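Structure file data.txt (compact mmCIF, C-alpha atoms) is printed below.
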```
# COMPACT_ATOMS: atom_id res chain seq x y z
CA MET A 8 19.87 -134.84 65.66
CA ASP A 9 21.73 -138.17 65.26
CA ILE A 10 18.47 -139.86 64.34
CA ARG A 11 17.74 -137.26 61.66
CA ARG A 12 21.22 -137.61 60.19
CA GLU A 13 20.82 -141.37 60.07
CA GLU A 14 17.46 -140.94 58.36
CA ALA A 15 18.95 -138.53 55.80
CA MET A 16 21.77 -140.98 55.11
CA GLU A 17 19.25 -143.79 54.60
CA MET A 18 17.22 -141.70 52.14
CA SER A 19 20.40 -140.80 50.26
CA ASP A 20 21.33 -144.48 50.03
CA ASP A 21 17.86 -145.25 48.69
CA ASP A 22 18.38 -142.72 45.86
CA GLU A 23 21.80 -144.07 44.92
CA GLU A 24 21.14 -147.77 45.05
CA ALA A 25 17.94 -149.78 44.57
CA GLU A 26 16.61 -152.12 47.13
CA SER A 27 15.99 -155.79 46.67
CA PRO A 28 13.22 -157.47 48.76
CA GLU A 29 15.90 -158.57 51.26
CA ILE A 30 17.11 -154.94 51.57
CA LYS A 31 13.53 -153.81 52.08
CA GLU A 32 13.17 -156.21 55.02
CA THR A 33 16.47 -154.92 56.43
CA GLU A 34 15.17 -151.37 56.24
CA GLU A 35 12.07 -152.41 58.15
CA SER A 36 14.18 -154.00 60.89
CA VAL A 37 16.23 -150.79 61.11
CA LEU A 38 13.03 -148.77 61.50
CA VAL A 39 11.88 -151.13 64.27
CA SER A 40 15.22 -150.80 66.06
CA GLN A 41 15.14 -147.02 65.80
CA THR A 42 11.57 -146.93 67.08
CA ASP A 43 12.54 -149.07 70.08
CA ALA A 44 15.51 -146.79 70.75
CA LEU A 45 13.24 -143.74 70.69
CA LYS A 46 10.88 -145.43 73.13
CA GLU A 47 13.75 -146.21 75.50
CA GLU A 48 15.00 -142.62 75.27
CA ASN A 49 11.43 -141.45 75.87
CA ASN A 50 11.22 -143.51 79.08
CA SER A 51 14.61 -142.24 80.22
CA LEU A 52 13.52 -138.64 79.73
CA ARG A 53 10.35 -139.28 81.70
CA CYS A 54 12.44 -140.47 84.63
CA GLN A 55 14.63 -137.38 84.38
CA LEU A 56 11.53 -135.18 84.32
CA ASP A 57 10.23 -136.82 87.48
CA ALA A 58 13.59 -136.22 89.14
CA TYR A 59 13.55 -132.53 88.15
CA ARG A 60 10.02 -132.16 89.44
CA ASN A 61 10.98 -133.66 92.78
CA GLU A 62 13.95 -131.33 92.99
CA VAL A 63 11.73 -128.32 92.25
CA GLU A 64 9.33 -129.36 95.01
CA LEU A 65 12.20 -129.74 97.47
CA LEU A 66 13.50 -126.30 96.56
CA LYS A 67 10.05 -124.80 97.06
CA GLN A 68 9.81 -126.37 100.51
CA GLU A 69 13.33 -125.27 101.35
CA GLN A 70 12.60 -121.74 100.20
CA GLY A 71 9.83 -121.41 102.77
CA ARG A 72 12.24 -122.23 105.60
CA VAL A 73 15.21 -120.14 104.52
CA GLY A 74 15.52 -116.48 105.52
CA ARG A 75 15.09 -113.52 103.22
CA GLU A 76 18.81 -113.17 102.62
CA ASP A 77 18.76 -116.48 100.70
CA GLU A 78 15.58 -115.77 98.72
CA PRO A 79 17.24 -114.19 95.60
CA SER A 80 19.59 -117.17 95.23
CA LYS A 81 16.81 -119.73 95.67
CA ASP A 82 14.55 -117.88 93.27
CA GLN A 83 17.30 -117.93 90.67
CA GLN A 84 17.86 -121.66 91.11
CA LEU A 85 14.15 -122.28 90.91
CA LYS A 86 13.91 -120.27 87.71
CA ILE A 87 16.80 -122.21 86.16
CA LEU A 88 15.21 -125.51 87.12
CA GLN A 89 11.86 -124.43 85.71
CA GLN A 90 13.52 -123.44 82.44
CA THR A 91 15.37 -126.76 82.34
CA LEU A 92 12.12 -128.59 83.04
CA GLN A 93 10.39 -126.72 80.23
CA GLY A 94 13.22 -127.57 77.84
CA MET A 95 13.05 -131.24 78.82
CA GLN A 96 9.29 -131.26 78.23
CA GLN A 97 9.74 -129.77 74.76
CA HIS A 98 12.44 -132.31 73.94
CA LEU A 99 10.23 -135.12 75.19
CA GLN A 100 7.35 -133.92 73.03
CA LYS A 101 9.65 -133.80 70.00
CA LEU A 102 10.84 -137.34 70.66
CA GLN A 103 7.26 -138.55 70.97
CA GLU A 104 6.42 -136.96 67.60
CA ASP A 105 9.50 -138.59 66.01
CA CYS A 106 8.50 -141.94 67.48
CA GLU A 107 4.96 -141.65 66.09
CA ARG A 108 6.31 -140.64 62.68
CA ARG A 109 8.69 -143.63 62.62
CA GLU A 110 5.88 -145.99 63.54
CA ALA A 111 3.72 -144.54 60.73
CA GLU A 112 6.59 -145.01 58.23
CA LEU A 113 7.05 -148.58 59.39
CA GLU A 114 3.35 -149.37 58.94
CA LYS A 115 3.38 -147.78 55.48
CA ALA A 116 6.44 -149.80 54.45
CA LYS A 117 4.79 -153.02 55.63
CA GLU A 118 1.61 -152.23 53.71
CA GLU A 119 3.50 -151.43 50.50
CA LYS A 120 5.52 -154.65 50.83
CA MET A 121 2.31 -156.68 51.24
CA GLN A 122 0.84 -155.09 48.10
CA LEU A 123 4.02 -155.79 46.15
CA ASP A 124 4.10 -159.41 47.35
CA LYS A 125 0.47 -159.88 46.24
CA LEU A 126 1.25 -158.43 42.82
CA LEU A 127 4.27 -160.69 42.37
CA GLU A 128 2.23 -163.71 43.45
CA ARG A 129 -0.46 -162.90 40.86
CA LEU A 130 2.15 -162.51 38.12
CA LYS A 131 3.78 -165.80 39.07
CA GLU A 132 0.43 -167.61 39.01
CA LYS A 133 -0.38 -166.23 35.56
CA GLN A 134 3.01 -167.24 34.22
CA GLU A 135 2.65 -170.73 35.66
CA LEU A 136 -0.76 -171.09 34.02
CA ALA A 137 0.66 -169.86 30.73
CA ALA A 138 3.60 -172.26 31.03
CA GLY A 139 1.26 -175.20 31.65
CA SER A 140 -0.87 -174.31 28.64
CA ASP A 141 2.18 -173.92 26.40
CA ARG A 142 3.68 -177.22 27.58
CA GLU A 143 0.44 -179.05 26.80
CA LYS A 144 0.26 -177.45 23.37
CA ASP A 145 3.91 -178.24 22.62
CA SER A 146 3.41 -181.84 23.72
CA MET A 147 0.55 -182.28 21.25
CA GLU A 148 2.55 -180.68 18.46
CA ALA A 149 5.58 -182.86 19.22
CA LYS A 150 3.57 -186.06 18.81
CA GLY A 151 2.52 -185.10 15.28
CA GLN A 152 5.82 -183.60 14.23
CA ASP A 153 8.53 -186.03 15.36
CA SER A 154 9.93 -186.11 11.84
CA GLY A 155 10.43 -182.33 11.79
CA LEU A 156 12.76 -182.12 14.79
CA SER A 157 15.90 -181.90 12.68
CA ASN A 158 14.40 -179.15 10.50
CA ILE A 159 13.78 -176.94 13.55
CA CYS A 160 17.53 -176.87 14.12
CA SER A 161 18.13 -175.27 10.70
CA LYS A 162 18.91 -171.56 10.36
CA SER A 163 15.82 -170.42 8.42
CA PRO A 164 14.06 -167.39 10.02
CA GLU A 165 10.78 -169.26 10.48
CA LYS A 166 12.43 -172.19 12.29
CA GLU A 167 14.48 -169.86 14.46
CA ARG A 168 11.23 -168.28 15.62
CA LEU A 169 9.89 -171.73 16.49
CA LEU A 170 13.05 -172.48 18.45
CA GLU A 171 12.77 -169.15 20.27
CA LYS A 172 9.15 -169.93 21.11
CA GLY A 173 10.22 -173.24 22.63
CA LEU A 174 12.78 -171.46 24.76
CA HIS A 175 10.17 -169.02 26.05
CA CYS A 176 8.04 -171.94 27.19
CA ASN A 177 10.85 -173.20 29.41
CA PRO A 178 9.72 -173.12 33.08
CA LEU A 179 13.19 -171.93 34.14
CA ARG A 180 12.87 -169.03 31.73
CA LEU A 181 9.46 -168.12 33.17
CA GLU A 182 10.83 -168.22 36.71
CA ARG A 183 13.75 -166.01 35.65
CA ASP A 184 11.30 -163.50 34.16
CA ALA A 185 9.28 -163.54 37.39
CA LEU A 186 12.43 -162.82 39.41
CA LEU A 187 13.40 -159.98 37.06
CA VAL A 188 9.91 -158.48 37.37
CA GLY A 189 10.14 -158.59 41.16
CA ILE A 190 13.60 -156.99 41.29
CA ILE A 191 12.72 -154.30 38.72
CA SER A 192 9.46 -153.52 40.55
CA THR A 193 11.33 -153.07 43.83
CA PHE A 194 13.94 -150.88 42.12
CA LEU A 195 11.35 -148.59 40.48
CA HIS A 196 9.23 -148.48 43.65
CA VAL A 197 11.99 -146.52 45.37
CA HIS A 198 12.44 -144.32 42.27
CA PRO A 199 8.96 -142.73 41.99
CA PHE A 200 10.08 -140.37 39.22
CA GLY A 201 11.18 -143.30 37.06
CA ALA A 202 14.51 -144.50 35.71
CA SER A 203 16.05 -145.01 32.28
CA ILE A 204 16.48 -148.50 30.85
CA GLU A 205 20.26 -148.05 31.07
CA TYR A 206 20.06 -147.22 34.78
CA ILE A 207 17.82 -150.24 35.43
CA CYS A 208 20.12 -152.58 33.49
CA SER A 209 23.25 -151.27 35.21
CA TYR A 210 21.66 -152.22 38.54
CA LEU A 211 20.55 -155.66 37.29
CA GLN A 212 23.99 -156.38 35.83
CA ARG A 213 25.44 -156.08 39.32
CA LEU A 214 23.37 -159.14 40.16
CA ASP A 215 23.86 -160.97 36.84
CA SER A 216 26.38 -159.72 34.28
CA LYS A 217 24.64 -161.75 31.53
CA ILE A 218 21.51 -159.56 31.58
CA CYS A 219 21.19 -157.42 28.45
CA THR A 220 19.20 -154.24 27.77
CA THR A 221 17.08 -155.82 25.03
CA GLU A 222 15.92 -158.65 27.29
CA VAL A 223 14.88 -156.27 30.07
CA GLU A 224 13.17 -153.79 27.73
CA ASN A 225 11.20 -156.54 25.96
CA LEU A 226 10.06 -157.95 29.30
CA MET A 227 8.90 -154.55 30.59
CA THR A 228 7.17 -153.74 27.31
CA ARG A 229 5.08 -156.94 27.54
CA LEU A 230 3.86 -156.11 31.06
CA GLN A 231 1.87 -152.95 30.29
CA HIS A 232 -0.11 -153.17 33.55
CA THR A 233 3.08 -153.37 35.63
CA PHE A 234 5.46 -150.92 33.91
CA LYS A 235 4.88 -147.82 31.81
CA GLN A 236 7.24 -145.64 29.81
CA GLU A 237 7.10 -141.83 29.91
CA MET A 238 9.04 -139.04 28.21
CA ASN A 239 10.74 -136.46 30.45
CA GLY A 240 12.63 -133.31 29.56
CA VAL A 241 12.65 -130.99 26.55
CA GLY A 242 14.77 -130.93 23.42
CA ALA A 243 18.24 -132.35 23.87
CA SER A 244 17.45 -133.34 27.46
CA LEU A 245 14.48 -135.49 26.39
CA GLU A 246 14.69 -138.87 28.11
CA LYS A 247 12.60 -142.03 28.22
CA ARG A 248 11.91 -143.25 31.73
CA TRP A 249 10.22 -146.38 33.01
CA LYS A 250 7.89 -146.22 36.01
CA PHE A 251 6.23 -148.86 38.18
CA CYS A 252 2.41 -148.79 37.81
CA GLY A 253 1.56 -152.17 39.35
CA PHE A 254 -0.75 -150.81 42.05
CA GLU A 255 -2.91 -149.07 39.43
CA GLY A 256 -2.57 -151.96 36.98
CA LEU A 257 -3.78 -154.46 39.57
CA LYS A 258 -7.13 -152.65 39.76
CA THR A 259 -7.37 -152.60 35.96
CA ILE A 260 -6.88 -156.34 35.35
CA THR A 261 -8.97 -157.63 38.27
```

Exercise: express the given structure as structure tokens:
Amino acid sequence: MDIRREEAMEMSDDDEEAESPEIKETEESVLVSQTDALKEENNSLRCQLDAYRNEVELLKQEQGRVGREDEPSKDQQLKILQQTLQGMQQHLQKLQEDCERREAELEKAKEEKMQLDKLLERLKEKQELAAGSDREKDSMEAKGQDSGLSNICSKSPEKERLLEKGLHCNPLRLERDALLVGIISTFLHVHPFGASIEYICSYLQRLDSKICTTEVENLMTRLQHTFKQEMNGVGASLEKRWKFCGFEGLKTIT
């Protein structure tokens, strides 16, 4: 019962607060510890069962030597021990099932983490390739446009777009986007029914108060094979929710 309560508390914590990759690894270590504890309890129960069996055998042997006047009392003790033994066997079977279920959950969590790591690695490689291409292009443009550097700093809309483009080509900016994608993917992975952009941003702002809703929404909108937006509810309760679709998207873009 304690194990089930702990599991319920863990699931409740997963609904209230998203997990970062470090939290995911912590959860796996907790599952491993719980599995080991179940195995130890399993072994302890086996020893107790052997002890009960030995006691039953001794009582059976003793019953054959004792007179008839003691038979009702011995039969009653034997019946109690048999019932206790049966209860222990049922409890042992239940613990074995719990242990197998925990091991299956642990394997599933490891597999999902591997898939997520592969997806993040692919995204990072693509962004690095894009950054290299943009840097090469910007270098060629800079050689032919040295005289226009001061004009880029003006406040005309066209030049502001050029300045914004230069900022997007910054390797630090690309790495920041990759980190955001990883954290958002982990957050949505534990929210299979999706989450609103406000909920996502409120979680991200705990990590970095400078993160704004527009930045996050623009990033997720660009990655159509990683995130998708769906409408939930009816009428006044209609709500836009973002969902993680990276596992399906990976098959689409390969």

key: Among listed residues A:Gly201, A:Ser216, A:Ile190, A:Ile207, nearest Glu246 in chain A (using only C-alpha atoms)   = A:Gly201

task = May I ask for the distance between CA of Leu127 in chain A and CA of Thr228 in chain A, given in Å to one decimal place?
result = 16.8 Å

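CA of Ala116 in chain A is positioned 7.2 Å from CA of Glu35 in chain A.
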
request  = Measure the distance from CA of Asn61 in chain A to CA of Leu99 in chain A in Å and round it to one decimal.
outcome  =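 Computed distance, CA of Asn61 in chain A to CA of Leu99 in chain A, equals 17.7 Å.
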
task = Tell me which of A:His98, A:Trp249, A:Val63, A:Asp124 sits closest to Pro199 in chain A, counting all atoms listed in the file.
result = A:Trp249
